[in-house]
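Take a look at the structure below.
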Amino acid sequence: MGDWVSSSPGIYQGAIYAGSWDHHLYAIDAESGALRWKYRTGAAVRSSPAVFGDTLYVGSDDGFLYALAATTGEFHWKHQTQGWVHSSPAVYEGVVYFGSQDRKEFSQPSGSEELKEMCRTTKGR
């Protein structure tokens, strides 16, 4: 990895996933330590990844939540917010939940490209 790592790793099917300040999300083979794949976002990746099914979800400082194929790193989709996505997504009953620096919280059914704003916080920057 080319820079600091401030996210907690995610683990799925023998791979360790971690974001870096070098704008990449990395998939490292847990047994050998070899790079399986890396995906470049538009800014630092400080969000910890979450995996549901074979889809990996991660936020980036570029304001997007990304959905990638966990085993290959293939791009599925991304959704833009109006702020950094430092929060780590959580998946519950097939719905992805995450927050953004724009003081909004979002939900999205897994496998869907429809993003729904859940609420807006009143405090924050």
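Letters A, B, ... go to the chains of the structure tokens in the order shown; residues in each chain start at 1; ligands are counted from 1 in the same order.
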
Subject >> Contacts of Thr41 (chain A) at 7 Å (only C-alpha atoms; same-chain gap of 4+ positions) as an MDAnalysis selection string >> reply: chainID A and resid 23:24 60

Original post:
Skipping near chain neighbours, those fewer than 2 positions away, what residues fall within 7 Å of region 63-73 of chain A using only C-alpha atoms, listed as a ChimeraX atom specification?
Top reply: /A:37-39,54-61,75-85

Would you save the residues from that selection as a PDB file, in the first residue's frame, using C-alpha atoms?
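Generated file (out_20.pdb):
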```
ATOM      1  CA  TRP A  37      -6.565  -6.320  -6.935  1.00  0.00           C
ATOM      2  CA  LYS A  38      -6.753  -2.605  -6.206  1.00  0.00           C
ATOM      3  CA  TYR A  39      -9.328  -0.008  -7.177  1.00  0.00           C
ATOM      4  CA  ASP A  54     -20.203 -10.755  -3.383  1.00  0.00           C
ATOM      5  CA  THR A  55     -20.495  -6.957  -3.298  1.00  0.00           C
ATOM      6  CA  LEU A  56     -18.060  -4.785  -1.382  1.00  0.00           C
ATOM      7  CA  TYR A  57     -19.212  -1.327  -0.261  1.00  0.00           C
ATOM      8  CA  VAL A  58     -16.787   1.438   0.720  1.00  0.00           C
ATOM      9  CA  GLY A  59     -16.840   5.219   1.010  1.00  0.00           C
ATOM     10  CA  SER A  60     -14.224   7.693  -0.169  1.00  0.00           C
ATOM     11  CA  ASP A  61     -13.217  11.259   0.584  1.00  0.00           C
ATOM     12  CA  PHE A  75     -16.874  -1.623 -10.606  1.00  0.00           C
ATOM     13  CA  HIS A  76     -20.648  -1.985 -10.119  1.00  0.00           C
ATOM     14  CA  TRP A  77     -21.766   1.584  -9.310  1.00  0.00           C
ATOM     15  CA  LYS A  78     -21.083   4.656  -7.203  1.00  0.00           C
ATOM     16  CA  HIS A  79     -23.346   7.265  -5.603  1.00  0.00           C
ATOM     17  CA  GLN A  80     -22.357  10.821  -4.889  1.00  0.00           C
ATOM     18  CA  THR A  81     -23.080  12.679  -1.679  1.00  0.00           C
ATOM     19  CA  GLN A  82     -22.243  16.285  -0.892  1.00  0.00           C
ATOM     20  CA  GLY A  83     -19.454  15.431   1.542  1.00  0.00           C
ATOM     21  CA  TRP A  84     -16.742  12.964   2.431  1.00  0.00           C
ATOM     22  CA  VAL A  85     -17.857   9.415   3.148  1.00  0.00           C
TER      23      VAL A  85
END
```

Subject >> Atomic distance CA of Ser87 (chain A) - CA of Val45 (chain A), expressed in Å with one decimal >> reply: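 Separating CA of Ser87 (chain A) from CA of Val45 (chain A) is a distance of 10.3 Å.
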
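Using only C-alpha atoms, the shortest contact distance between Tyr97 (chain A) and any of A:Leu25, A:Ala50, A:Ala18, A:Ile11 is found at A:Ala50.
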
Subject >> Selected residue of minimal separation from Val96 (chain A) among A:Phe52, A:Tyr12, A:Tyr17, A:Tyr26, counting only C-alpha atoms >> reply: A:Phe52

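Of the listed residues (A:Ser47, A:Ser32, A:Ala27, A:Arg40), A:Ser47 comes nearest to Ser7 (chain A); the distances count only C-alpha atoms.
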
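Atom pair CA of Ala30 (chain A) / CA of Glu93 (chain A) has a distance of 27.2 Å (rounded to one decimal).
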
Original post:
Distance CA of Ala44 (chain A)-CA of Gly19 (chain A), one decimal place?
Top reply: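 These atoms are spaced 7.6 Å apart.
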
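You can rank A:Val51, A:Arg46, A:Gly99, A:Asp62 by their closest distance to Ser6 (chain A) using only C-alpha atoms, and at the top of that list sits A:Arg46.
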